[in-house]
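So the structure is just underneath, and the comments pick up after that.
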Amino acid sequence: MTSLLQLPTAELLGRAAARRDALFGTRVTYSPKVFVPLTTLCRDRCGYCTFAESPRTARAPYMTPEEVLAVARQGAAAGCHEALFTLGEAPELRYPEARAWLDAHGHASTVSYLAEVAGLVLEETGLLPHANAGALAGEELALLRTVSASQGMMLESLRPDLAAHRGAPDKEPARRLATLDAAGRLRIPFTTGILVGIGEDEADRLEAVEAIARSHAEHGHVQEVIVQNFLPKPGTAMRDAPPARHEDHVRAIALARLVLPDDVRVQAPPNLSAPEELAGLLAAGIDDWGGVSPVTRDHVNPERPWPSLDVLRGATEAAGHQLAPRLTIHPHLAADPGRWLDPALRFPVLDRADAELLGRDDPGALWPERHQDAANVGTGAEVVQVGRRSTAWFSGAGVDPVPVRAGTAAIGGPVREVLDGVRLGQEVGADELLALFTARGGEVAAVAEVADEVRRRVAGDEVTFVVNRNINYTNVCTYRCTFCGFSKGPLSLNLRGKPYLLTLEEVAERSAEAAALGATEVCLQGGIHPSFDGNFYVDVARAVHERVPGMHIHGFTALEVLEGSRRLGEPLADYLRRLQDAGLRSLPGTAAEILDDEVRAVLCPDKVTTEEWLEVHRQAHAVGLRSNVTMMFGSVEHPRHWVTHLLRTRALQRETGGFTEFVGLPFVHMAAPVYLKRAARRGPTWRETVLVHAVARIAYASDIRNVQASWVKLGPVGARQLLAAGVNDLGGTLMDENISRAAGASHGQGLTPADLADIARDAGRPLRQRTTLYGEVPAAAPVA
C-alpha cells in the first residue's frame with residue numbers, strides 16, 4: 001500500500017472516487033442527531049482540545065438526566081435518529097468533584113452513569129444512543145452495548161511521540177488499539193478515525209488506516225472511519241499550529257477509501273471545511289457526512305456550526321450524489337441484529353428504519369409508540385396509542401405526505417442509466433428494478449416522472465374508479481397471519497370486537513343495498529372460518545348473484561379458494577368453475593402479501609405459499625376469471641423482495657394475461673400483531689410508497705395496464721400525489737372497508753365519486769367510472 005503514497009493527488013483522488021462510486025453509487029449518507037455532552041471533564045489534556053474543561057470552568061460535573069432528556073426530546077421532535085453522547089475520559093480519576101458527583105448519584109464510574117442516561121433516552125424518546133466514551137475496557141464496552149446501537153473512539157494516530165498527546169494517557173496508541181479490538185470481540189458496531197495535521201505525516205496516516213483495516217478484517221465491526229482535519233483553536237497548546245492542509249486532508253480521505261475494506265464507510269465532518277471545499281471532500285471518495293444536528297451545536301468544535309441540511313444537500317447534489325439519512329448502525333450490520341445488537345436494541349433500530357435499514361426520511365417527529373387495549377369497538381382499530389404522537393407520515397395515520405422533491409441538479413449513476421434505458425424501450429430486469437428502488441433525493445422524482453410517461457403511453461390520462469362495497473362476511477379465522485388486525489381467533493376475543501359470521505341472506509341484502517346506491521361490484525373477503533366446508537363460498541356467490549344478477553362479484557382470495565377446494569377434496573380448476581357458475585367473476589390479489597417464501601415465513605407461515613398463490617391465479621385465468629396483483633409492503637421485507645414479487649407476477653401475466661391491475665398496499669402498522677410484538681417496521685416511508693407504485697408501473701409497462709392507489713391507506717392527498725407517479729386508477733369507493741381500519745387506518749370507510757373527482761381534478765386529470773374489468777358503465781351518471 002505504500003505505493004499509494006507516490007501517486008499524484010489527482011490520480012489518487014480519482015481512484016478513490018471511482019471505488020466509492022462502484023461500492024455505493026450516488027448515495028451519500030448522514031446521521032440526523034443531537035449532541036449530548038454528558039461531561040466536559042476529562043483526565044486527558046490534548047494539545048488541540050477545547051471540549052475538556054476543569055471543575056473551575058465547567059457549569060457542572062455532569063448533565064442531569066432531566067437535561068439529557070430535554071435535549072433528546074428536542075431531537076425526536078425534529079426528526080433526528082441519533083443521540084451522540086460525547087464526554088471526557090474517566091474524569092473521576094482526576095477530579096474529586098467528578099468522583100463526589102458520581103458517588104452521590106450511585107455510580108461507580110462515568111461509564112456507569114452514561115449507561116443509565118443512554119437507556120433513558122432510548123426508552124423515552126426512541127433516539128438511538130451512540131456512545132463516544134473513549135478508550136474503554138471490555139466490561140465497560142459490554143455495559144454500553146446494552147443501551148447503545150453503536151459506539152466509537154477516534155484512533156487519531158499511532159505515532160507515539162506526538163506533542164498533541166502529551167498529558168493524555170488515554171491517547172497511548174496501544175490503549176486505543178486494545179479498545180478497537182475489544183469492541184470487535186464484543187460485536188459492537190464501531191466508529192473510529194484518524195486526525196490529520198497534528199504532527200504526523202502521510203506515512204503515519206497510512207499506518208493508522210491499515211491498523212483499522214486489520215482489526216476490521218478480524219472482527220468485521222468497523223462500520224465507518226472518520227477522516228478529520230485539524231483546526232487550531234485559541235486557548236490550546238496548539239493554537240499557533242497551522243491547520244491541516246486541504247490537500248493533505250483529501251489525500252488522507254482517498255487513502256482511507258482505497259485501503260479500507262468495501263463495507264467500511266469513509267466520512268469527513270462537513271462543518272470543519274469551508275462550504276466551497278465540500279465538493280473536494282466528495283471528489284476524494286467520502287460516502288458519509290457523519291452526524292449533523294438541526295438542534296444542537298458541535299460541542300467539540302463550537303466555533304464551527306453545522307451546515308444546514310439544504311446547504312449540505314445542495315453541495316452533495318451539485319457533485320452528482322444524493323443525500324440519505326441513516327441510523328447510528330449501518331445497514332449491513334443492522335441486517336444481522338442477532339450478531340450486532342443487544343436484544344434490547346433490535347426493535348428500536350427496526351422502528352426507525354426504512355426498507356434498506358437506513359433512517360426513515362419523512363419529516364416530522366418520530367416517537368416510540370405505546371399502546372393499550374381499548375374497549376370493544378366492533379370492526380375498527382382496537383389497540384389505542386397512548387403518549388406522544390408522531391407527526392411524520394405513516395400509512396393509514398391521517399398525516400398528509402410531503403411531496404417528493406425534484407433535485408437541484410441532473411441525476412446520474414445507476415438510476416439514470418436505468419431510466420434512460422426505459423425511455424429507449426428496454427426491458428427492466430432484477431438488477432435494474434433494484435437500482436430504481438435505491439433512488440434517493442432528486443432520483444425519486446426522476447423515477448416518478450418516467451413512470452408517469454409510461455402511464456401516459458400505456459393507459460392515457462383518464463383516472464378510473466369503480467363504485468363498490470366491501471362485504472367481509474366473517475372475522476373468524478383459523479389462520480394466524482402476523483400482520484392482520486382484522487381476523488379473530490379464540491385467543492383474540494377481547495381484542496378485535498365480537499366474532500361474527502354473516503348469513504347468506506345478510507350478504508345478499510348488503511349486495512342489494514349496494515346496487516341501490518349505484519355499486520357495480522361487491523368485494524367478498526373474510527377469514528377462514530373453521531365451519532366452512534368449501535361450499536360456503538359457492539353458496540355466497542350464488543346468493544349474491546341470484547339477488548342482484550347484474551352485480552360483478554369480485555371475491556375470495558387465493559387462500560379462500562385453495563382452502564375451499566382442499567376441504568372438499570375437489571380439483572382446483574373444477575372448484576373455480578363451480579364458483580364461476582355460481583356468479584363469481586374475478587378474484588382479488590390479496591393473500592399475496594409478498595410473493596417470497598422467506599418473507600411469508602414471518603408474515604403468514606401457515607398460509608398459501610408463493611407457488612400456491614401463483615397457481616390459483618394461473619388456473620383462475622385459465623377458466624376465464626380475471627384477477628389483480630396486490631403487494632403489501634413495508635413490514636419485514638426489503639427491496640429485493642419487492643423485485644421478486646414484481647417479476648414473478650409479470651412472468652405469470654405474460655403467460656396468462658389475466659391480471660387487470662397492480663395494487664400497492666402499504667403496511668398499516670398501528671394495530672398489526674407483528675408490530676405490537678416489536679418484530680416489524682412502521683410501514684413504508686412515503687418515498688418508498690412512491691417508488692413501489694412508480695417502479696411497478698415501469699416493471700409491468702404494457703403487461704399490466706393499470707396501477708391503482710389505495711386511498712384507504714394513503715389518504716386523498718397521498719393518492720393524488722401518486723397520480724403523478726404512474727398511477728391511473730383510484731380503486732373503489734369501498735363502502736364498509738373494515739380490514740385497513742382494523743389495522744389502525746384512519747381514512748374512513750368510503751369516498752364518494754365526487755370525492756374521487758376532487759382527487760383527480762387536483763392532479764389535472766379527467767375521471768371516469770369503470771366496471772371491475774375496466775369497461776364502460778352503462779348509463780353512468782357524470783361525476784361532478
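Residues in the C-alpha cells are numbered from 1 in each chain, the chains being A, B, ... in the order shown, and ligands are numbered from 1 in the order shown.
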
| DSSP-assigned strand (DSSP E) among segment 236-482 of chain A, expressed as an MDAnalysis selection string | chainID A and resid 265:267 288:292 322:325 370:373 383:386 463:466 468:472

| remark: Computed gap from atom CA of Asp298 of chain A to atom CA of Gly75 of chain A is 14.1 Å

Could you give me, as a PDB file with C-alpha atoms, in the first residue's frame, the residues within 7 Å of segment 38-40 of chain A, counting only C-alpha atoms and dropping anything in the same chain fewer than 4 positions from it?
```
ATOM      1  CA  PHE A  51     -14.031  20.495  24.807  1.00  0.00           C
ATOM      2  CA  ALA A  52     -12.371  19.405  28.035  1.00  0.00           C
ATOM      3  CA  GLU A  53     -12.725  21.765  30.977  1.00  0.00           C
ATOM      4  CA  ALA A  58     -17.411  23.628  33.910  1.00  0.00           C
ATOM      5  CA  PRO A  61     -19.579  17.932  36.628  1.00  0.00           C
ATOM      6  CA  TYR A  62     -22.285  16.120  34.601  1.00  0.00           C
ATOM      7  CA  MET A  63     -25.542  16.833  32.821  1.00  0.00           C
ATOM      8  CA  PHE A  85     -23.009  11.026  23.732  1.00  0.00           C
ATOM      9  CA  THR A  86     -19.592  12.661  23.791  1.00  0.00           C
ATOM     10  CA  LEU A  87     -17.699  13.038  27.056  1.00  0.00           C
ATOM     11  CA  GLY A  88     -14.329  13.350  28.623  1.00  0.00           C
TER      12      GLY A  88
END
```

Compile the contact shell of Thr236 of chain A as an mmCIF file with N, CA, C and O atoms, in the first residue's frame: residues with an atom at most 6 Å away, counting only C-alpha atoms, same-chain residues fewer than 2 positions apart removed.
```cif
data_model
loop_
_atom_site.group_PDB
_atom_site.id
_atom_site.type_symbol
_atom_site.label_atom_id
_atom_site.label_comp_id
_atom_site.auth_asym_id
_atom_site.auth_seq_id
_atom_site.Cartn_x
_atom_site.Cartn_y
_atom_site.Cartn_z
ATOM 1 N N GLY A 47 -3.454 18.584 23.196
ATOM 2 C CA GLY A 47 -2.982 19.906 22.822
ATOM 3 C C GLY A 47 -3.898 20.689 21.915
ATOM 4 O O GLY A 47 -3.671 21.881 21.697
ATOM 5 N N TYR A 48 -4.945 20.062 21.363
ATOM 6 C CA TYR A 48 -5.823 20.736 20.408
ATOM 7 C C TYR A 48 -7.248 20.904 20.919
ATOM 8 O O TYR A 48 -8.106 21.422 20.209
ATOM 9 N N PRO A 234 -8.037 28.809 19.668
ATOM 10 C CA PRO A 234 -7.470 29.686 20.697
ATOM 11 C C PRO A 234 -7.538 29.028 22.068
ATOM 12 O O PRO A 234 -8.463 28.267 22.360
ATOM 13 N N MET A 238 -1.876 24.036 20.965
ATOM 14 C CA MET A 238 -1.586 24.045 19.532
ATOM 15 C C MET A 238 -2.263 25.228 18.814
ATOM 16 O O MET A 238 -2.496 25.182 17.604
ATOM 17 N N ARG A 239 -2.542 26.280 19.565
ATOM 18 C CA ARG A 239 -3.253 27.415 18.970
ATOM 19 C C ARG A 239 -2.486 28.069 17.825
ATOM 20 O O ARG A 239 -3.084 28.659 16.927
#
```

| query | Out of A:Asp201, A:Glu356, A:Asp287, A:Glu218, which residue has the shortest atom-to-atom distance to Asp181 of chain A when counting only C-alpha atoms? | reply |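 When distances to Asp181 of chain A are compared using only C-alpha atoms, the smallest one comes from A:Glu218.
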
Taking 2 positions as the minimum chain separation for residues in the same chain, which residues sit within 9 Å of segment 635-648 of chain A when counting only C-alpha atoms? Answer as a short mmCIF file (atom, residue, chain, number, x, y, z; two decimals) with all heavy atoms, in the first residue's frame.
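Result file is part-v6.cif:
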```
data_model
loop_
_atom_site.label_atom_id
_atom_site.label_comp_id
_atom_site.auth_asym_id
_atom_site.auth_seq_id
_atom_site.Cartn_x
_atom_site.Cartn_y
_atom_site.Cartn_z
N ASP A 354 -35.95 2.27 7.49
CA ASP A 354 -36.73 2.05 6.28
C ASP A 354 -36.40 0.66 5.74
O ASP A 354 -35.73 -0.14 6.40
CB ASP A 354 -36.49 3.17 5.26
CG ASP A 354 -35.07 3.19 4.69
OD1 ASP A 354 -34.31 2.22 4.91
OD2 ASP A 354 -34.72 4.18 4.03
N ALA A 355 -36.85 0.36 4.53
CA ALA A 355 -36.70 -0.99 4.00
C ALA A 355 -35.26 -1.35 3.71
O ALA A 355 -34.92 -2.54 3.61
CB ALA A 355 -37.54 -1.15 2.74
N GLU A 356 -34.38 -0.35 3.55
CA GLU A 356 -32.95 -0.61 3.34
C GLU A 356 -32.17 -0.54 4.64
O GLU A 356 -30.95 -0.62 4.63
CB GLU A 356 -32.39 0.38 2.34
CG GLU A 356 -32.94 0.24 0.94
CD GLU A 356 -32.25 1.18 -0.03
OE1 GLU A 356 -31.22 0.80 -0.60
OE2 GLU A 356 -32.74 2.32 -0.19
N LEU A 357 -32.87 -0.37 5.76
CA LEU A 357 -32.28 -0.24 7.10
C LEU A 357 -31.46 1.03 7.22
O LEU A 357 -30.55 1.11 8.07
CB LEU A 357 -31.46 -1.48 7.45
CG LEU A 357 -32.27 -2.79 7.47
CD1 LEU A 357 -31.39 -3.98 7.76
CD2 LEU A 357 -33.41 -2.72 8.49
N GLY A 429 -34.93 -5.74 -15.75
CA GLY A 429 -34.83 -6.99 -15.02
C GLY A 429 -34.57 -6.74 -13.55
O GLY A 429 -34.73 -5.62 -13.05
N ALA A 430 -34.13 -7.78 -12.86
CA ALA A 430 -33.96 -7.69 -11.40
C ALA A 430 -32.97 -6.61 -11.00
O ALA A 430 -33.23 -5.81 -10.10
CB ALA A 430 -33.53 -9.05 -10.85
N ASP A 431 -31.82 -6.56 -11.65
CA ASP A 431 -30.80 -5.58 -11.26
C ASP A 431 -31.30 -4.16 -11.49
O ASP A 431 -31.06 -3.26 -10.67
CB ASP A 431 -29.52 -5.82 -12.05
CG ASP A 431 -28.81 -7.11 -11.66
OD1 ASP A 431 -29.13 -7.65 -10.57
OD2 ASP A 431 -27.96 -7.57 -12.43
N LEU A 433 -34.47 -3.09 -11.61
CA LEU A 433 -35.53 -2.75 -10.66
C LEU A 433 -34.95 -2.44 -9.28
O LEU A 433 -35.38 -1.49 -8.61
CB LEU A 433 -36.53 -3.90 -10.56
CG LEU A 433 -37.37 -4.16 -11.82
CD1 LEU A 433 -38.22 -5.41 -11.64
CD2 LEU A 433 -38.23 -2.96 -12.16
N LEU A 434 -33.98 -3.23 -8.86
CA LEU A 434 -33.36 -2.97 -7.56
C LEU A 434 -32.67 -1.63 -7.55
O LEU A 434 -32.71 -0.89 -6.55
CB LEU A 434 -32.38 -4.09 -7.23
CG LEU A 434 -31.90 -4.16 -5.77
CD1 LEU A 434 -33.07 -4.31 -4.82
CD2 LEU A 434 -30.92 -5.32 -5.59
N PHE A 437 -35.18 1.06 -6.93
CA PHE A 437 -35.64 1.10 -5.54
C PHE A 437 -34.62 1.77 -4.61
O PHE A 437 -34.96 2.10 -3.47
CB PHE A 437 -35.97 -0.30 -5.04
CG PHE A 437 -37.32 -0.79 -5.47
CD1 PHE A 437 -37.45 -2.04 -6.09
CD2 PHE A 437 -38.46 -0.02 -5.29
CE1 PHE A 437 -38.69 -2.50 -6.50
CE2 PHE A 437 -39.71 -0.47 -5.69
CZ PHE A 437 -39.83 -1.72 -6.30
N THR A 438 -33.38 1.95 -5.07
CA THR A 438 -32.40 2.65 -4.23
C THR A 438 -32.48 4.16 -4.41
O THR A 438 -31.73 4.89 -3.77
CB THR A 438 -30.96 2.20 -4.58
OG1 THR A 438 -30.62 2.66 -5.90
CG2 THR A 438 -30.80 0.71 -4.48
N PHE A 483 -49.62 -10.01 10.39
CA PHE A 483 -49.85 -8.60 10.05
C PHE A 483 -51.31 -8.21 10.21
O PHE A 483 -51.65 -7.03 10.10
CB PHE A 483 -49.43 -8.33 8.60
CG PHE A 483 -50.19 -9.16 7.60
CD1 PHE A 483 -51.41 -8.74 7.11
CD2 PHE A 483 -49.68 -10.38 7.18
CE1 PHE A 483 -52.12 -9.52 6.22
CE2 PHE A 483 -50.38 -11.16 6.29
CZ PHE A 483 -51.60 -10.74 5.80
N ALA A 592 -51.56 -12.25 -1.27
CA ALA A 592 -50.22 -12.30 -1.87
C ALA A 592 -49.18 -11.79 -0.88
O ALA A 592 -48.08 -12.35 -0.78
CB ALA A 592 -50.17 -11.46 -3.14
N ILE A 594 -46.23 -10.55 0.23
CA ILE A 594 -45.01 -10.53 -0.58
C ILE A 594 -44.78 -11.95 -1.11
O ILE A 594 -44.73 -12.90 -0.33
CB ILE A 594 -43.78 -10.08 0.25
CG1 ILE A 594 -43.94 -8.63 0.70
CG2 ILE A 594 -42.49 -10.25 -0.56
CD1 ILE A 594 -43.82 -7.60 -0.39
N LEU A 595 -44.66 -12.06 -2.41
CA LEU A 595 -44.51 -13.39 -3.01
C LEU A 595 -43.05 -13.83 -2.96
O LEU A 595 -42.35 -13.95 -3.96
CB LEU A 595 -45.04 -13.38 -4.44
CG LEU A 595 -46.56 -13.18 -4.53
CD1 LEU A 595 -47.00 -13.04 -5.97
CD2 LEU A 595 -47.32 -14.32 -3.83
N ASP A 596 -42.62 -14.07 -1.75
CA ASP A 596 -41.28 -14.58 -1.47
C ASP A 596 -41.40 -15.37 -0.17
O ASP A 596 -41.79 -14.80 0.86
CB ASP A 596 -40.28 -13.43 -1.33
CG ASP A 596 -38.84 -13.92 -1.19
OD1 ASP A 596 -38.56 -14.66 -0.23
OD2 ASP A 596 -38.00 -13.55 -2.03
N GLU A 598 -39.39 -16.49 1.94
CA GLU A 598 -38.59 -16.03 3.07
C GLU A 598 -39.38 -15.03 3.91
O GLU A 598 -39.33 -15.05 5.14
CB GLU A 598 -37.30 -15.37 2.54
CG GLU A 598 -36.40 -14.80 3.64
CD GLU A 598 -35.19 -14.09 3.08
OE1 GLU A 598 -35.12 -13.88 1.85
OE2 GLU A 598 -34.30 -13.72 3.87
N VAL A 599 -40.12 -14.16 3.26
CA VAL A 599 -40.95 -13.17 3.97
C VAL A 599 -42.22 -13.82 4.49
O VAL A 599 -42.65 -13.55 5.62
CB VAL A 599 -41.28 -12.00 3.02
CG1 VAL A 599 -42.19 -11.00 3.71
CG2 VAL A 599 -40.00 -11.32 2.55
N VAL A 602 -42.46 -15.32 7.92
CA VAL A 602 -42.65 -14.41 9.05
C VAL A 602 -44.08 -13.89 9.10
O VAL A 602 -44.72 -13.86 10.16
CB VAL A 602 -41.67 -13.23 8.96
CG1 VAL A 602 -41.90 -12.25 10.11
CG2 VAL A 602 -40.23 -13.72 8.96
N LEU A 603 -44.60 -13.48 7.95
CA LEU A 603 -45.90 -12.81 7.92
C LEU A 603 -47.08 -13.79 7.96
O LEU A 603 -48.12 -13.48 8.55
CB LEU A 603 -46.01 -11.96 6.65
CG LEU A 603 -45.08 -10.76 6.55
CD1 LEU A 603 -45.30 -10.06 5.22
CD2 LEU A 603 -45.30 -9.80 7.71
N LEU A 614 -49.59 -18.27 -6.93
CA LEU A 614 -49.46 -18.14 -8.39
C LEU A 614 -50.30 -19.19 -9.11
O LEU A 614 -50.94 -18.90 -10.14
CB LEU A 614 -47.99 -18.27 -8.78
CG LEU A 614 -47.07 -17.13 -8.35
CD1 LEU A 614 -45.61 -17.51 -8.54
CD2 LEU A 614 -47.38 -15.84 -9.10
N MET A 631 -49.62 -6.11 -3.50
CA MET A 631 -48.36 -6.30 -2.77
C MET A 631 -48.41 -5.47 -1.51
O MET A 631 -48.51 -4.24 -1.58
CB MET A 631 -47.15 -5.89 -3.62
CG MET A 631 -45.82 -6.19 -2.91
SD MET A 631 -44.37 -5.90 -3.96
CE MET A 631 -44.15 -4.12 -3.79
N MET A 632 -48.40 -6.14 -0.37
CA MET A 632 -48.34 -5.44 0.90
C MET A 632 -46.87 -5.23 1.26
O MET A 632 -46.13 -6.20 1.44
CB MET A 632 -49.04 -6.24 2.01
CG MET A 632 -49.16 -5.47 3.32
SD MET A 632 -49.65 -6.51 4.70
CE MET A 632 -48.12 -7.36 5.05
N PHE A 633 -46.47 -3.98 1.40
CA PHE A 633 -45.05 -3.68 1.58
C PHE A 633 -44.84 -2.76 2.78
O PHE A 633 -45.71 -1.98 3.13
CB PHE A 633 -44.47 -3.05 0.31
CG PHE A 633 -45.12 -1.75 -0.08
CD1 PHE A 633 -44.53 -0.53 0.24
CD2 PHE A 633 -46.31 -1.73 -0.78
CE1 PHE A 633 -45.13 0.68 -0.12
CE2 PHE A 633 -46.92 -0.54 -1.16
CZ PHE A 633 -46.32 0.67 -0.82
N ARG A 650 -45.15 -10.60 -13.12
CA ARG A 650 -45.02 -10.22 -14.53
C ARG A 650 -44.89 -11.47 -15.40
O ARG A 650 -45.48 -11.55 -16.49
CB ARG A 650 -43.81 -9.31 -14.73
CG ARG A 650 -43.71 -8.76 -16.15
CD ARG A 650 -42.57 -7.77 -16.30
NE ARG A 650 -41.26 -8.40 -16.33
CZ ARG A 650 -40.10 -7.73 -16.47
NH1 ARG A 650 -40.12 -6.42 -16.59
NH2 ARG A 650 -38.96 -8.38 -16.49
N ALA A 651 -44.13 -12.43 -14.93
CA ALA A 651 -43.98 -13.66 -15.70
C ALA A 651 -45.32 -14.38 -15.86
O ALA A 651 -45.64 -14.89 -16.95
CB ALA A 651 -42.96 -14.57 -15.02
N LEU A 652 -46.12 -14.43 -14.78
CA LEU A 652 -47.42 -15.08 -14.89
C LEU A 652 -48.35 -14.30 -15.82
O LEU A 652 -49.10 -14.90 -16.60
CB LEU A 652 -48.06 -15.22 -13.51
CG LEU A 652 -49.40 -15.94 -13.47
CD1 LEU A 652 -49.29 -17.34 -14.08
CD2 LEU A 652 -49.95 -16.02 -12.05
N GLN A 653 -48.29 -12.98 -15.78
CA GLN A 653 -49.12 -12.18 -16.69
C GLN A 653 -48.76 -12.46 -18.15
O GLN A 653 -49.65 -12.53 -19.00
CB GLN A 653 -48.95 -10.70 -16.36
CG GLN A 653 -49.72 -9.75 -17.27
CD GLN A 653 -51.24 -9.81 -17.07
OE1 GLN A 653 -51.75 -10.71 -16.41
NE2 GLN A 653 -51.94 -8.87 -17.67
N PRO A 666 -49.63 -0.32 1.20
CA PRO A 666 -48.67 -0.01 2.26
C PRO A 666 -49.13 -0.61 3.60
O PRO A 666 -50.29 -0.47 3.99
CB PRO A 666 -48.69 1.53 2.31
CG PRO A 666 -49.31 1.97 1.03
CD PRO A 666 -50.25 0.88 0.63
N PHE A 667 -48.23 -1.28 4.26
CA PHE A 667 -48.50 -1.92 5.55
C PHE A 667 -48.96 -0.88 6.57
O PHE A 667 -48.30 0.15 6.77
CB PHE A 667 -47.23 -2.61 6.03
CG PHE A 667 -47.27 -3.18 7.43
CD1 PHE A 667 -48.20 -4.15 7.78
CD2 PHE A 667 -46.34 -2.77 8.38
CE1 PHE A 667 -48.22 -4.69 9.05
CE2 PHE A 667 -46.35 -3.31 9.66
CZ PHE A 667 -47.29 -4.27 10.00
N VAL A 668 -50.10 -1.14 7.18
CA VAL A 668 -50.62 -0.30 8.27
C VAL A 668 -50.22 -0.97 9.58
O VAL A 668 -50.67 -2.07 9.89
CB VAL A 668 -52.14 -0.13 8.17
CG1 VAL A 668 -52.67 0.70 9.32
CG2 VAL A 668 -52.52 0.52 6.83
N HIS A 669 -49.38 -0.29 10.33
CA HIS A 669 -48.70 -0.98 11.43
C HIS A 669 -49.42 -0.89 12.77
O HIS A 669 -49.19 -1.71 13.66
CB HIS A 669 -47.30 -0.38 11.62
CG HIS A 669 -47.30 0.97 12.27
ND1 HIS A 669 -47.55 2.14 11.57
CD2 HIS A 669 -47.09 1.36 13.56
CE1 HIS A 669 -47.49 3.17 12.39
NE2 HIS A 669 -47.21 2.73 13.59
N VAL A 674 -47.77 -8.20 14.40
CA VAL A 674 -46.33 -8.31 14.21
C VAL A 674 -45.62 -7.03 14.66
O VAL A 674 -44.48 -7.09 15.15
CB VAL A 674 -46.00 -8.64 12.74
CG1 VAL A 674 -46.32 -7.48 11.81
CG2 VAL A 674 -44.54 -9.08 12.60
N TYR A 675 -46.29 -5.88 14.54
CA TYR A 675 -45.69 -4.64 15.05
C TYR A 675 -45.82 -4.56 16.56
O TYR A 675 -44.87 -4.18 17.26
CB TYR A 675 -46.32 -3.41 14.40
CG TYR A 675 -45.68 -2.14 14.89
CD1 TYR A 675 -44.43 -1.74 14.41
CD2 TYR A 675 -46.28 -1.37 15.88
CE1 TYR A 675 -43.81 -0.60 14.90
CE2 TYR A 675 -45.66 -0.22 16.37
CZ TYR A 675 -44.43 0.17 15.88
OH TYR A 675 -43.81 1.29 16.37
N ALA A 679 -41.69 -6.71 16.02
CA ALA A 679 -40.97 -7.51 15.03
C ALA A 679 -41.11 -6.97 13.62
O ALA A 679 -40.75 -7.67 12.67
CB ALA A 679 -41.46 -8.95 15.08
N ALA A 680 -41.62 -5.75 13.46
CA ALA A 680 -41.79 -5.18 12.12
C ALA A 680 -41.51 -3.69 12.15
O ALA A 680 -41.49 -3.06 13.22
CB ALA A 680 -43.21 -5.44 11.60
N ARG A 681 -41.33 -3.14 10.95
CA ARG A 681 -41.17 -1.69 10.82
C ARG A 681 -42.53 -1.01 10.92
O ARG A 681 -43.57 -1.66 10.94
CB ARG A 681 -40.51 -1.36 9.47
CG ARG A 681 -39.16 -2.01 9.28
CD ARG A 681 -38.43 -1.46 8.06
NE ARG A 681 -39.16 -1.64 6.82
CZ ARG A 681 -39.14 -2.75 6.09
NH1 ARG A 681 -38.45 -3.80 6.50
NH2 ARG A 681 -39.82 -2.84 4.95
N ARG A 682 -42.50 0.32 10.90
CA ARG A 682 -43.75 1.09 10.96
C ARG A 682 -44.34 1.33 9.58
O ARG A 682 -44.80 2.43 9.28
CB ARG A 682 -43.50 2.44 11.61
CG ARG A 682 -43.19 2.42 13.06
CD ARG A 682 -43.37 3.80 13.65
NE ARG A 682 -42.62 3.96 14.86
CZ ARG A 682 -42.77 4.97 15.70
NH1 ARG A 682 -43.61 5.94 15.42
NH2 ARG A 682 -42.05 5.04 16.80
N GLY A 683 -44.35 0.35 8.75
CA GLY A 683 -44.83 0.56 7.40
C GLY A 683 -43.78 1.27 6.56
O GLY A 683 -42.69 1.61 7.03
N PRO A 684 -44.08 1.48 5.28
CA PRO A 684 -43.11 2.13 4.39
C PRO A 684 -43.02 3.61 4.66
O PRO A 684 -43.91 4.22 5.26
CB PRO A 684 -43.70 1.86 3.00
CG PRO A 684 -45.18 1.86 3.25
CD PRO A 684 -45.36 1.20 4.60
N VAL A 692 -42.60 2.26 -4.98
CA VAL A 692 -43.26 0.98 -5.27
C VAL A 692 -44.27 1.14 -6.40
O VAL A 692 -44.33 0.33 -7.33
CB VAL A 692 -43.94 0.43 -4.00
CG1 VAL A 692 -45.00 -0.62 -4.35
CG2 VAL A 692 -42.89 -0.18 -3.07
N ALA A 696 -43.39 -0.30 -10.10
CA ALA A 696 -44.34 -1.29 -10.61
C ALA A 696 -44.83 -0.89 -11.99
O ALA A 696 -44.93 -1.74 -12.90
CB ALA A 696 -45.52 -1.44 -9.65
N ALA A 699 -42.03 -1.64 -14.30
CA ALA A 699 -41.79 -3.09 -14.44
C ALA A 699 -42.85 -3.75 -15.32
O ALA A 699 -42.53 -4.58 -16.18
CB ALA A 699 -41.78 -3.74 -13.07
N TYR A 700 -44.11 -3.40 -15.10
CA TYR A 700 -45.19 -4.04 -15.85
C TYR A 700 -45.39 -3.41 -17.22
O TYR A 700 -45.76 -4.09 -18.18
CB TYR A 700 -46.49 -3.97 -15.06
CG TYR A 700 -46.51 -4.76 -13.78
CD1 TYR A 700 -46.82 -4.15 -12.57
CD2 TYR A 700 -46.22 -6.12 -13.77
CE1 TYR A 700 -46.87 -4.86 -11.39
CE2 TYR A 700 -46.26 -6.85 -12.59
CZ TYR A 700 -46.58 -6.21 -11.39
OH TYR A 700 -46.61 -6.92 -10.22
#
```

8 Å contact set for segment 419-423 of chain A, only C-alpha atoms, chain neighbours under 5 positions out, as a short mmCIF file (atom, residue, chain, number, x, y, z; two decimals) with N, CA, C and O atoms, in the first residue's frame:
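That gives us selection-v3.cif:
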```cif
data_model
loop_
_atom_site.label_atom_id
_atom_site.label_comp_id
_atom_site.auth_asym_id
_atom_site.auth_seq_id
_atom_site.Cartn_x
_atom_site.Cartn_y
_atom_site.Cartn_z
N VAL A 428 -36.75 -3.97 -18.16
CA VAL A 428 -36.03 -3.93 -16.88
C VAL A 428 -36.08 -5.30 -16.23
O VAL A 428 -37.13 -5.95 -16.17
N VAL A 447 -37.63 9.02 -11.17
CA VAL A 447 -38.30 7.72 -11.37
C VAL A 447 -39.80 7.94 -11.56
O VAL A 447 -40.42 7.35 -12.46
N VAL A 450 -40.58 9.31 -15.11
CA VAL A 450 -40.53 8.30 -16.17
C VAL A 450 -41.71 7.34 -16.04
O VAL A 450 -42.31 6.93 -17.05
N ILE A 698 -43.24 0.87 -14.19
CA ILE A 698 -42.14 0.65 -15.13
C ILE A 698 -41.93 -0.84 -15.37
O ILE A 698 -41.69 -1.28 -16.50
#
```
